[in-house]
Number of protein chains: 4
Amino acid sequence: MIKVGIVGGTGYTGVELLRILACHPAVQLTAITSRKEAGIAVADIFPSLRGRVALAYADPSAADVSRCDVVFFATPNAVAMNQAGSLLGEGARVIDLSADFRIRDVSEWEKWYGTRHASPDLVAQAVYGLPEVNREMIRSARLVANPGCYPTAVQLGLLPLVEAGVVDLGHLIADAKSGVSGAGRKAEIQLLHAEASENFKAYAVGGHRHWPEIRQGLEQIAGRPVGLTFVPHLTPMIRGIHATLYARISSGAARSARPAGVDFFQRLYEQRYRNEPFVDVMPAGTHPETRSVRAANLCRVAVHRPQDGDTLVVLSVIDNLVKGAAGQAVQNMNIMFGLPESQGLDQVPIVP
Amino acid sequence: MIKVGIVGGTGYTGVELLRILACHPAVQLTAITSRKEAGIAVADIFPSLRGRVALAYADPSAADVSRCDVVFFATPNAVAMNQAGSLLGEGARVIDLSADFRIRDVSEWEKWYGTRHASPDLVAQAVYGLPEVNREMIRSARLVANPGCYPTAVQLGLLPLVEAGVVDLGHLIADAKSGVSGAGRKAEIQLLHAEASENFKAYAVGGHRHWPEIRQGLEQIAGRPVGLTFVPHLTPMIRGIHATLYARISSGAARSARPAGVDFFQRLYEQRYRNEPFVDVMPAGTHPETRSVRAANLCRVAVHRPQDGDTLVVLSVIDNLVKGAAGQAVQNMNIMFGLPESQGLDQVPIVP
Amino acid sequence: MIKVGIVGGTGYTGVELLRILACHPAVQLTAITSRKEAGIAVADIFPSLRGRVALAYADPSAADVSRCDVVFFATPNAVAMNQAGSLLGEGARVIDLSADFRIRDVSEWEKWYGTRHASPDLVAQAVYGLPEVNREMIRSARLVANPGCYPTAVQLGLLPLVEAGVVDLGHLIADAKSGVSGAGRKAEIQLLHAEASENFKAYAVGGHRHWPEIRQGLEQIAGRPVGLTFVPHLTPMIRGIHATLYARISSGAARSARPAGVDFFQRLYEQRYRNEPFVDVMPAGTHPETRSVRAANLCRVAVHRPQDGDTLVVLSVIDNLVKGAAGQAVQNMNIMFGLPESQGLDQVPIVP
Amino acid sequence: MIKVGIVGGTGYTGVELLRILACHPAVQLTAITSRKEAGIAVADIFPSLRGRVALAYADPSAADVSRCDVVFFATPNAVAMNQAGSLLGEGARVIDLSADFRIRDVSEWEKWYGTRHASPDLVAQAVYGLPEVNREMIRSARLVANPGCYPTAVQLGLLPLVEAGVVDLGHLIADAKSGVSGAGRKAEIQLLHAEASENFKAYAVGGHRHWPEIRQGLEQIAGRPVGLTFVPHLTPMIRGIHATLYARISSGAARSARPAGVDFFQRLYEQRYRNEPFVDVMPAGTHPETRSVRAANLCRVAVHRPQDGDTLVVLSVIDNLVKGAAGQAVQNMNIMFGLPESQGLDQVPIVP
């Protein structure tokens with residue numbers, strides 16, 4: 001059994017980690033820490049876990065998470081960067097669900113996150129935990145930077161096009177819509193039911209922290225600079241991200257693709273993902289719904305070419321808390337520990 | 001492996017049965033029928049099941065569900081009563097999620113369901129599938145009438161009080177609130193998002209089909225007539241039932257209970273349900289939320305005695321599609337086939 | 001033109017007051033104060049009011065609301081009690097939307113609101129602003145205590161029965177469901193969309209502050225003690241209260257009512273409210289929906305007698321922010337200033 | 001008083017027309033027809049209108065709507081085209097809220113709407129009722145084709161850019177999100193609360209009927225062909241459209257705009273709309289919310305230029321039932337009859 005510790009764990013990614021790990025056959029939940037809730041049973045904060053999680057939150061100073069084989073950070077940004085180093089030193093592996101180790105350019109990270117990075121050296125060691133791109137590196141990683149929710153949906157949606165080099169990389173557009181749980185379990189006016197329900201809005205059009213993360217990922221894949229316009233929106237639901245992606249077919253590709261029509265791109269996606277357990281390429285002409293992946297570790301994508309024109313429209317959906325956070329983190333753990341990649345991740349989506 | 005057939009299965013209880021059975025380790029999904037969707041893959045109707053359920057809907061006339069060990073009816077009312085008999089004759093066991101075999105008094109059934117009963121003889125054989133009351137009879141049953149969603153929440157909420165005879169049985173009140181999935185996957189104006197969202201209403205105050213079912217259940221437990229006012233409401237959410245139950249403490253009980261205060265009733269509930277795997281008595285003073293059982297086969301109850309007065313308030317929550325339908329049906333199957341009662345029913349509730 | 005000032009006004013009752021008063025033909029919005037938002041334009045906080053409300057929030061110390069003819073307090077509890085006295089002294093009239101002057105028994109108020117009352121003398125002067133009961137007193141009032149949202153829905157629902165003395169006053173039950181805006185514009189975890197959506201729960205079953213207010217109102221009407229069980233619930237919508245009220249027909253009334261059946265009670269309601277501009281008695285057998293009064297100053301009620309038994313079920317719906325708060329406050333203002341009672345209150349409910 | 005008739009009026013645009021017209025000081029509601037609901041009082045179908053609309057639905061054959069000064073068609077597509085001619089012949093003016101007269105190219109209309117057009121000659125007479133573009137022509141129009149909801153939001157969002165010729169017209173992108181009321185009051189499975197709530201999806205990516213309408217409008221403004229990718233989405237709310245629009249700054253414009261930065265485009269919008277009563281240009285850097293126009297005849301737009309790059313992002317919100325349907329229809333009526341354009345359209349948006 002893998003001994004698992006969780007630092008943080010009072011937010012939505014934390015409770016989702018607990019939901020998944022509580023059923024994982026190879027895992028022993030060993031410790032969970034929270035300064036604020038120290039001494040309180042997890043099931044008192046989250047009654048949904050009554051009878052399933054017996055742990056209480058421990059004070060971070062008292063809990064010895066370093067005895068664990070792996071420690072998940074489900075903390076706000078700028079916490080893991082202070083604690084990961086000593087855990088790694090004591091032999092634990094670390095999967096960070098926050099943003100601390102996602103951006104390789106430390107000064108870029110510091111600009112977007114508004115603080116000095118406490119462990120720039122660890123950034124270089126960290127592996128970006130998108131298994132569909134970095135599976136082999138994750139296998140041997142000691143420190144995994146679990147991707148953000150928008151970056152997961154957008155990168156998986158664009159990956160085949162960017163790898164194949166068949167679209168104009170200078171002007172990609174990602175119009176993304178997220179349920180409110182993506183903003184975390186924070187007491188903010190704008191996240192109240194009375195504010196967020198029966199309402200739709202864009203936010204951070206001028207610049208969102210996931211923009212540099214997505215660009216870095218796409219540029220790594222492409223091997224050259226990528227131009228991206230990224231507009232996130234808040235949609236009145238709890239879970240789910242729907243990314244609508246627009247890419248202009250590059251002239252060379254357009255020529256070679258024409259004979260094949262939409263099928264060229266459909267096949268491109270099907271071949272790229274045919275061995276991926278958690279990416280489902282939908283049939284041509286379909287529209288994946290966010291609920292079709294609700295509470296499951298899945299990304300479903302569909303590729304469209306409206307009016308046989310030069311603009312592709314890719315639809316990509318995930319559950320932001322699962323494939324966009326806790327589920328992907330467990331997928332990374334499975335890979336790191338040589339377990340079957342799908343172990344403990346076979347939840348069927350909840351519909352309706 | 002138990003060979004399972006499903007008749008119907010294009011509605012919400014059907015897709016929920018499929019979600020649960022797809023992961024059940026002792027079950028082999030063998031056939032599913034639908035006249036309307038015959039020939040269509042289940043996963044084409046419910047993309048959430050892509051990769052998890054390989055069956056296609058078969059035409060009822062062609063499918064040989066009688067080869068199955070057990071057949072679930074997830075059909076509208078008045079279908080199972082025509083088909084259960086022959087299946088039973090061929091040796092299959094039947095679990096009916098519709099209302100056809102729930103009411104023992106056939107003329108009462110006919111009054112509420114507006115049609116002649118096709119198999120009055122089978123009604124007598126059927127066992128009412130509320131395991132917390134009838135577990136032993138379910139073990140050997142050939143035909144189980146799976147309880148309605150409201151009746152499950154209300155009966156489990158009132159059971160300890162009625163068994164103990166400590167409340168006025170002549171004037172019980174059940175104020176129940178249901179998410180819209182309880183009305184089924186039917187194209188009706190009043191169930192549209194634009195009608196049911198951001199709206200709350202009572203319905204069928206003059207008389208609802210679950211009223212005679214609840215009364216019958218309570219009267220069987222009490223051994224005498226029960227007076228019940230039952231008011232169902234439609235609440236703007238998908239899943240969940242919250243029953244708020246009001247009972248006047250009978251004068252004898254009030255006297256004996258006084259020294260112990262609320263604890264007398266708290267203990268009554270805890271003792272009654274201490275061995276029940278799917279009923280959770282919440283701590284005194286708490287308020288169970290419907291989401292705390294979302295997508296899980298659970299009933300959580302809490303008992304209150306406001307201002308130490310003579311009126312008890314019991315709060316009982318279930319997911320109407322799980323403990324109120326498909327989950328309870330699988331629980332009954334487990335009991336009927338001698339499997340561990342919780343097998344395949346260990347889903348952790350989805351929060352948030 | 002009546003010069004109107006608002007103290008507070010950054011919460012939901014505040015913005016609703018502004019929405020209504022911005023269109024009121026006899027009103028001149030003169031000043032609005034907020035310590036926290038001083039100097040900020042109202043329309044910057046509430047863009048829905050862009051082009052309609054030109055005021056900025058003023059610091060309470062700087063704003064001279066005493067020049068106003070009437071001052072509305074849309075503040076948290078325990079603010080108005082400190083400021084109303086001096087405003088009254090300077091000649092302004094005061095309508096308090098908070099709870100400071102609702103409970104006549106000051107020690108009872110102090111028990112429920114957890115603080116010493118700063119102006120017990122003013123409590124005696126205050127008129128409880130439920131026009132359907134106290135219209136004449138409101139006409140000449142200097143200080144009106146605007147009723148709470150639940151108390152408005154429950155009292156209007158029970159009023160005809162209590163006045164007529166035809167039900168058992170010892171055991172009334174009010175099962176009330178509220179949208180989340182009733183809890184105010186407060187940054188609390190439990191009010192987040194991700195917590196309150198797709199969820200239903202009771203709260204404060206042990207005792208809610210509106211319980212003594214409702215009892216006081218009913219006892220004033222009845223002229224004797226009233227026993228009331230009051231259970232509030234949070235329902236996943238923004239606006240609306242649905243009160244489901246249970247009352248046992250008293251034996252005398254049952255006898256006299258029998259010949260007339262349900263019509264006796266239907267007529268009782270219709271006669272009681274036939275001249276009320278803002279209470280609509282629905283046809284017998286119907287179920288009022290909360291959306292049928294959304295954004296309008298209306299209470300709709302329906303009375304049922306299920307199975308011709310001895311328990312009446314009354315359904316009463318309001319928009320908690322309008323008839324349950326800001327609309328009723330403007331109705332009171334109209335009465336106090338001799339304006340047509342409906343002036344500025346003719347908004348048609350928003351459906352869908 | 002203008003005598004108004006409504007044909008249809010059992011759907012959402014119908015009830016919204018009634019809500020607005022019931023308060024319009026220059027209007028006398030004279031007749032409303034519905035084959036299906038003939039003989040039923042409007043207020044029985046829509047209890048929100050109890051006490052406000054006294055009409056009953058009349059059978060189309062019996063009702064003499066031709067006596068009206070203006071007739072609104074709130075019917076499904078392909079109804080008005082059969083009836084408008086005779087009404088116009090009898091002297092009534094017609095405002096069609098359906099799509100029958102929106103597309104000037106009749107064969108194009110027939111392709112998208114799948115039927116032969118019954119009155120191609122009338123198409124040529126009809127004026128497209130977008131007042132911000134065609135105000136003068138509307139003044140004297142006998143037949144107005146009221147724009148679709150998406151086309152209103154998209155055209156008002158792009159209008160200043162297209163008129164000024166400062167963006168690449170060959171590759172405009174409109175990513176639009178609509179609440180479910182946009183689909184009408186139709187009993188369809190996909191519109192059920194249990195399907196549409198807590199879910200987000202794109203639809204009709206391959207081609208939506210509003211695409212040719214938007215293109216026609218933009219091409220008329222531009223005076224040359226326009227390339228447009230239009231992707232509509234269903235978002236889990238009742239009312240509201242949010243269009244997120246992407247346009248590449250054309251190289252000439254980019255040069256001239258650079259010195260001025262974002263302000264060039266901000267000023268462009270402010271100047272274009274400075275005299276428009278129902279278009280509000282939000283301050284630079286802001287994000288309009290759909291609720292900020294809920295239940296009001298308003299379009300709010302904001303223009304962004306992320307990272308000072310070459311792609312503009314315009315955010316445009318309307319209430320699909322008001323500025324996207326019934327409100328705009330009344331605005332057109334006001335213009336046609338020489339009334340103040342805002343008369344009866346001063347509803348303040350409902351927040352929260």
# chains A, B, ... in the order shown; residues from 1 in each chain; ligands from 1
>>> closest_atom_pairs(of="chain D", to="chain C", cutoff="9 Å", atoms="only C-alpha atoms", output="JSON lines")
{"residue": "D:Tyr12", "atom": "CA", "partner": "C:Pro352", "partner_atom": "CA", "distance": 7.0}
{"residue": "D:Val15", "atom": "CA", "partner": "C:Val351", "partner_atom": "CA", "distance": 7.5}
{"residue": "D:Glu16", "atom": "CA", "partner": "C:Val351", "partner_atom": "CA", "distance": 7.5}
{"residue": "D:Arg19", "atom": "CA", "partner": "C:Val348", "partner_atom": "CA", "distance": 6.2}
{"residue": "D:Ile20", "atom": "CA", "partner": "C:Val348", "partner_atom": "CA", "distance": 8.3}
{"residue": "D:Ala22", "atom": "CA", "partner": "C:Val348", "partner_atom": "CA", "distance": 8.3}
{"residue": "D:Cys23", "atom": "CA", "partner": "C:Val348", "partner_atom": "CA", "distance": 8.1}
{"residue": "D:Phe46", "atom": "CA", "partner": "C:Ser292", "partner_atom": "CA", "distance": 7.9}
{"residue": "D:Pro47", "atom": "CA", "partner": "C:Ser292", "partner_atom": "CA", "distance": 6.0}
{"residue": "D:Ser48", "atom": "CA", "partner": "C:Ser292", "partner_atom": "CA", "distance": 4.2}
{"residue": "D:Leu49", "atom": "CA", "partner": "C:Val348", "partner_atom": "CA", "distance": 7.0}
{"residue": "D:Arg50", "atom": "CA", "partner": "C:Asp280", "partner_atom": "CA", "distance": 8.5}
{"residue": "D:Gly51", "atom": "CA", "partner": "C:Asp280", "partner_atom": "CA", "distance": 8.7}
{"residue": "D:Arg52", "atom": "CA", "partner": "C:Val348", "partner_atom": "CA", "distance": 7.6}
{"residue": "D:Ser181", "atom": "CA", "partner": "C:Pro352", "partner_atom": "CA", "distance": 7.6}
{"residue": "D:Glu198", "atom": "CA", "partner": "C:Glu198", "partner_atom": "CA", "distance": 8.2}
{"residue": "D:Ile238", "atom": "CA", "partner": "C:Pro352", "partner_atom": "CA", "distance": 7.0}
{"residue": "D:Arg239", "atom": "CA", "partner": "C:Pro352", "partner_atom": "CA", "distance": 7.9}
{"residue": "D:Asp280", "atom": "CA", "partner": "C:Arg50", "partner_atom": "CA", "distance": 8.5}
{"residue": "D:Pro288", "atom": "CA", "partner": "C:Pro47", "partner_atom": "CA", "distance": 8.1}
{"residue": "D:Glu289", "atom": "CA", "partner": "C:Pro47", "partner_atom": "CA", "distance": 8.6}
{"residue": "D:Arg291", "atom": "CA", "partner": "C:Ser48", "partner_atom": "CA", "distance": 7.5}
{"residue": "D:Ser292", "atom": "CA", "partner": "C:Ser48", "partner_atom": "CA", "distance": 4.2}
{"residue": "D:Val293", "atom": "CA", "partner": "C:Ser48", "partner_atom": "CA", "distance": 6.4}
{"residue": "D:Arg294", "atom": "CA", "partner": "C:Ser48", "partner_atom": "CA", "distance": 8.3}
{"residue": "D:Ala295", "atom": "CA", "partner": "C:Ile350", "partner_atom": "CA", "distance": 7.2}
{"residue": "D:Asp346", "atom": "CA", "partner": "C:Cys23", "partner_atom": "CA", "distance": 8.2}
{"residue": "D:Gln347", "atom": "CA", "partner": "C:Cys23", "partner_atom": "CA", "distance": 8.3}
{"residue": "D:Val348", "atom": "CA", "partner": "C:Arg19", "partner_atom": "CA", "distance": 6.2}
{"residue": "D:Pro349", "atom": "CA", "partner": "C:Ser48", "partner_atom": "CA", "distance": 5.6}
{"residue": "D:Ile350", "atom": "CA", "partner": "C:Ala295", "partner_atom": "CA", "distance": 7.2}
{"residue": "D:Val351", "atom": "CA", "partner": "C:Ser48", "partner_atom": "CA", "distance": 6.8}
{"residue": "D:Pro352", "atom": "CA", "partner": "C:Ile238", "partner_atom": "CA", "distance": 7.0}
>>> write_last_selection(atoms="N, CA and C atoms", output="CSV table (one decimal), in the first residue's frame")
chain,number,residue,atom,x,y,z
D,12,TYR,N,-42.2,31.9,-25.0
D,12,TYR,CA,-41.5,32.9,-24.2
D,12,TYR,C,-41.5,34.3,-24.7
D,15,VAL,N,-45.0,35.7,-23.9
D,15,VAL,CA,-45.3,36.1,-22.5
D,15,VAL,C,-44.5,37.4,-22.2
D,16,GLU,N,-43.3,37.5,-22.8
D,16,GLU,CA,-42.5,38.7,-22.6
D,16,GLU,C,-43.1,39.9,-23.2
D,19,ARG,N,-45.8,41.0,-20.9
D,19,ARG,CA,-45.3,41.6,-19.7
D,19,ARG,C,-45.0,43.1,-20.0
D,20,ILE,N,-44.3,43.3,-21.2
D,20,ILE,CA,-43.9,44.7,-21.5
D,20,ILE,C,-45.1,45.5,-21.9
D,22,ALA,N,-48.2,45.2,-21.3
D,22,ALA,CA,-49.2,45.4,-20.2
D,22,ALA,C,-49.0,46.7,-19.5
D,23,CYS,N,-47.7,47.2,-19.5
D,23,CYS,CA,-47.4,48.4,-18.8
D,23,CYS,C,-47.2,49.6,-19.8
D,46,PHE,N,-50.3,31.6,-17.8
D,46,PHE,CA,-49.2,32.3,-17.2
D,46,PHE,C,-49.7,33.1,-16.0
D,47,PRO,N,-49.7,32.4,-14.8
D,47,PRO,CA,-50.3,33.0,-13.6
D,47,PRO,C,-49.5,34.3,-13.2
D,48,SER,N,-48.3,34.5,-13.7
D,48,SER,CA,-47.6,35.7,-13.4
D,48,SER,C,-48.3,36.9,-13.9
D,49,LEU,N,-49.3,36.7,-14.9
D,49,LEU,CA,-50.0,37.8,-15.5
D,49,LEU,C,-51.4,38.0,-14.9
D,50,ARG,N,-51.7,37.2,-13.8
D,50,ARG,CA,-53.0,37.4,-13.2
D,50,ARG,C,-53.2,38.8,-12.7
D,51,GLY,N,-54.3,39.4,-13.0
D,51,GLY,CA,-54.6,40.8,-12.6
D,51,GLY,C,-53.9,41.8,-13.5
D,52,ARG,N,-53.1,41.4,-14.5
D,52,ARG,CA,-52.5,42.3,-15.4
D,52,ARG,C,-52.9,42.2,-16.8
D,181,SER,N,-33.9,29.7,-22.6
D,181,SER,CA,-35.2,30.3,-23.1
D,181,SER,C,-35.1,30.6,-24.5
D,198,GLU,N,-26.6,22.3,-14.8
D,198,GLU,CA,-25.3,21.7,-14.5
D,198,GLU,C,-24.6,21.1,-15.7
D,238,ILE,N,-31.6,30.7,-17.6
D,238,ILE,CA,-32.9,30.9,-18.3
D,238,ILE,C,-32.7,32.0,-19.4
D,239,ARG,N,-32.3,33.1,-18.9
D,239,ARG,CA,-32.2,34.3,-19.8
D,239,ARG,C,-30.7,34.8,-20.0
D,280,ASP,N,-25.1,50.3,-24.2
D,280,ASP,CA,-24.3,50.9,-23.2
D,280,ASP,C,-22.9,50.4,-23.4
D,288,PRO,N,-19.0,42.9,-19.0
D,288,PRO,CA,-20.4,42.9,-18.7
D,288,PRO,C,-21.0,41.6,-18.4
D,289,GLU,N,-21.9,41.5,-17.5
D,289,GLU,CA,-22.5,40.3,-17.1
D,289,GLU,C,-23.9,40.2,-17.7
D,291,ARG,N,-26.6,39.2,-16.3
D,291,ARG,CA,-27.6,39.6,-15.4
D,291,ARG,C,-27.7,41.2,-15.3
D,292,SER,N,-26.7,41.9,-15.8
D,292,SER,CA,-26.7,43.3,-15.8
D,292,SER,C,-27.7,43.9,-16.8
D,293,VAL,N,-28.3,43.0,-17.6
D,293,VAL,CA,-29.3,43.4,-18.6
D,293,VAL,C,-30.6,42.6,-18.4
D,294,ARG,N,-30.6,41.8,-17.4
D,294,ARG,CA,-31.7,40.8,-17.2
D,294,ARG,C,-33.1,41.5,-17.2
D,295,ALA,N,-34.0,41.1,-18.0
D,295,ALA,CA,-35.3,41.6,-18.1
D,295,ALA,C,-35.4,43.1,-18.6
D,346,ASP,N,-38.6,51.1,-19.9
D,346,ASP,CA,-37.6,51.6,-18.9
D,346,ASP,C,-37.4,50.7,-17.7
D,347,GLN,N,-37.7,49.4,-17.9
D,347,GLN,CA,-37.5,48.4,-16.8
D,347,GLN,C,-36.0,48.4,-16.4
D,348,VAL,N,-35.8,48.4,-15.1
D,348,VAL,CA,-34.5,48.3,-14.6
D,348,VAL,C,-34.1,46.9,-14.5
D,349,PRO,N,-32.9,46.5,-14.9
D,349,PRO,CA,-32.5,45.1,-14.8
D,349,PRO,C,-32.7,44.5,-13.4
D,350,ILE,N,-33.0,43.2,-13.4
D,350,ILE,CA,-33.2,42.5,-12.1
D,350,ILE,C,-31.9,41.9,-11.6
D,351,VAL,N,-31.4,42.5,-10.5
D,351,VAL,CA,-30.2,41.9,-9.9
D,351,VAL,C,-30.4,41.9,-8.4
D,352,PRO,N,-30.2,40.9,-7.6
D,352,PRO,CA,-29.7,39.6,-8.1
D,352,PRO,C,-30.9,38.8,-8.7
>>> select_by_dssp(residues="segment 261-334 of chain A", states="strand (DSSP E or B)", output="number ranges by chain")
A: 279-281, 299-304, 311-318
>>> select_by_dssp(residues="segment 66-290 of chain D", states="helix (DSSP H, G or I)", output="ChimeraX atom specification")
/D:66-67,80-89,106-113,120-125,131-139,149-164,180-183,189-191,193-196,210-222,251-260,262-272,290
>>> residues_around(residues="Ala202 of chain A", least_positions_apart="6", cutoff="12 Å", atoms="only C-alpha atoms", output="JSON, numbers by chain")
{"A": [175, 176, 177, 178, 196, 208, 230, 231, 232, 233, 234, 235, 236], "D": [175, 176, 177, 241, 242, 243, 244, 245, 285, 286, 287, 288, 289, 290, 301, 302, 303, 304, 313, 314, 315, 316, 317]}
>>> residues_around(residues="Glu110 of chain D", least_positions_apart="6", cutoff="12 Å", atoms="only C-alpha atoms", output="compact mmCIF listing (two decimals) with N, CA and C atoms, in the first residue's frame")
# COMPACT_ATOMS: atom_id res chain seq x y z
N ASN D 77 -41.47 29.66 -36.77
CA ASN D 77 -41.15 30.07 -38.13
C ASN D 77 -42.17 29.49 -39.11
N ALA D 78 -42.36 30.17 -40.23
CA ALA D 78 -43.21 29.71 -41.33
C ALA D 78 -44.71 29.86 -41.04
N ALA D 99 -38.50 34.22 -37.90
CA ALA D 99 -37.41 34.45 -38.87
C ALA D 99 -37.89 34.64 -40.29
N ASP D 100 -39.22 34.69 -40.49
CA ASP D 100 -39.73 34.59 -41.86
C ASP D 100 -39.24 35.68 -42.82
N PHE D 101 -39.01 36.87 -42.31
CA PHE D 101 -38.65 37.97 -43.23
C PHE D 101 -37.25 38.53 -42.98
N ARG D 102 -36.43 37.75 -42.30
CA ARG D 102 -35.11 38.30 -41.95
C ARG D 102 -34.07 38.18 -43.07
N ILE D 103 -34.17 37.13 -43.86
CA ILE D 103 -33.13 36.87 -44.87
C ILE D 103 -33.63 37.37 -46.22
N ARG D 104 -32.88 38.27 -46.82
CA ARG D 104 -33.36 38.88 -48.08
C ARG D 104 -33.25 37.91 -49.26
N ARG D 116 -40.49 26.01 -48.46
CA ARG D 116 -40.66 27.07 -49.45
C ARG D 116 -41.19 28.31 -48.79
N HIS D 117 -40.75 29.45 -49.22
CA HIS D 117 -41.25 30.69 -48.64
C HIS D 117 -42.58 31.04 -49.30
N ALA D 118 -43.57 31.34 -48.49
CA ALA D 118 -44.92 31.58 -49.02
C ALA D 118 -45.09 32.99 -49.59
N SER D 119 -44.27 33.92 -49.19
CA SER D 119 -44.44 35.31 -49.63
C SER D 119 -43.12 35.97 -49.97
N PRO D 120 -42.45 35.48 -51.01
CA PRO D 120 -41.13 36.06 -51.34
C PRO D 120 -41.22 37.56 -51.61
N ARG D 209 -28.95 28.55 -38.04
CA ARG D 209 -29.76 29.46 -38.85
C ARG D 209 -29.45 30.93 -38.65
N PRO D 212 -26.40 32.81 -41.35
CA PRO D 212 -26.63 33.64 -42.53
C PRO D 212 -27.23 35.00 -42.19
>>> residues_around(residues="segment 156-161 of chain A", least_positions_apart="3", cutoff="10 Å", atoms="only C-alpha atoms", output="JSON, numbers by chain")
{"A": [130, 132, 133, 151, 152, 153, 164, 165, 166, 167, 168, 169, 172, 174, 217, 218, 221, 222, 243, 244, 245, 246, 247, 249, 265, 268, 269, 270, 271, 272, 273, 279, 281, 299, 300, 301, 302, 303, 312, 313, 314, 315, 316, 317, 318]}
>>> atom_distance(atom1="atom CA of Asn334 of chain A", atom2="atom CA of Gly182 of chain A")
23.9 Å
>>> residues_around(residues="Arg35 of chain B", least_positions_apart="6", cutoff="12 Å", atoms="only C-alpha atoms", output="list in words")
Val7, Gly8, Gly9, Thr10, Ala56, Tyr57, Ala58, Asp59, Pro60, Ser61, Ala62, Ala63 and Thr75 of chain B
>>> write_last_selection(atoms="C-alpha atoms", output="JSON list (two decimals), in the first residue's frame")
[["chain", "number", "residue", "atom", "x", "y", "z"],
["B", 7, "VAL", "CA", -36.35, -3.73, -19.72],
["B", 8, "GLY", "CA", -36.69, -0.08, -20.58],
["B", 9, "GLY", "CA", -33.61, 1.76, -19.59],
["B", 10, "THR", "CA", -33.83, 4.96, -21.61],
["B", 56, "ALA", "CA", -27.25, -1.67, -27.82],
["B", 57, "TYR", "CA", -30.96, -1.42, -27.10],
["B", 58, "ALA", "CA", -32.75, -4.47, -28.45],
["B", 59, "ASP", "CA", -36.33, -4.68, -29.54],
["B", 60, "PRO", "CA", -38.39, -6.20, -26.74],
["B", 61, "SER", "CA", -39.74, -8.88, -29.06],
["B", 62, "ALA", "CA", -36.27, -9.97, -30.12],
["B", 63, "ALA", "CA", -34.37, -9.77, -26.86],
["B", 75, "THR", "CA", -40.22, 1.16, -17.46]]
>>> residues_around(residues="Ala26 of chain A", least_positions_apart="2", cutoff="12 Å", atoms="only C-alpha atoms", output="list in words")
Met1, Ile2, Lys3, Val4, Ile20, Leu21, Ala22, Cys23, His24, Gln28, Leu29, Asp69, Val330, Met333, Asn334, Phe337, Gly338, Leu339, Pro340, Glu341, Ser342, Gln343, Gly344 and Leu345 of chain A
>>> write_last_selection(atoms="C-alpha atoms", output="short mmCIF file (atom, residue, chain, number, x, y, z; two decimals), in the first residue's frame")
data_model
loop_
_atom_site.label_atom_id
_atom_site.label_comp_id
_atom_site.auth_asym_id
_atom_site.auth_seq_id
_atom_site.Cartn_x
_atom_site.Cartn_y
_atom_site.Cartn_z
CA MET A 1 0.00 0.00 0.00
CA ILE A 2 1.17 3.47 -0.87
CA LYS A 3 1.09 5.78 2.11
CA VAL A 4 -0.46 9.05 1.03
CA ILE A 20 -11.02 9.31 -5.22
CA LEU A 21 -8.31 8.07 -2.86
CA ALA A 22 -10.85 6.67 -0.39
CA CYS A 23 -11.69 4.03 -3.00
CA HIS A 24 -8.21 3.50 -4.44
CA GLN A 28 -3.56 4.08 2.45
CA LEU A 29 -4.65 7.57 3.45
CA ASP A 69 5.43 7.73 0.07
CA VAL A 330 -3.99 10.39 -9.02
CA MET A 333 0.61 9.00 -8.88
CA ASN A 334 -0.32 5.75 -10.61
CA PHE A 337 4.42 4.24 -8.68
CA GLY A 338 4.13 1.80 -11.53
CA LEU A 339 0.47 1.06 -10.88
CA PRO A 340 -2.03 0.49 -13.67
CA GLU A 341 -2.70 4.02 -14.92
CA SER A 342 -6.46 3.68 -14.52
CA GLN A 343 -6.46 2.16 -11.06
CA GLY A 344 -8.96 3.87 -8.81
CA LEU A 345 -10.04 6.09 -11.69
#
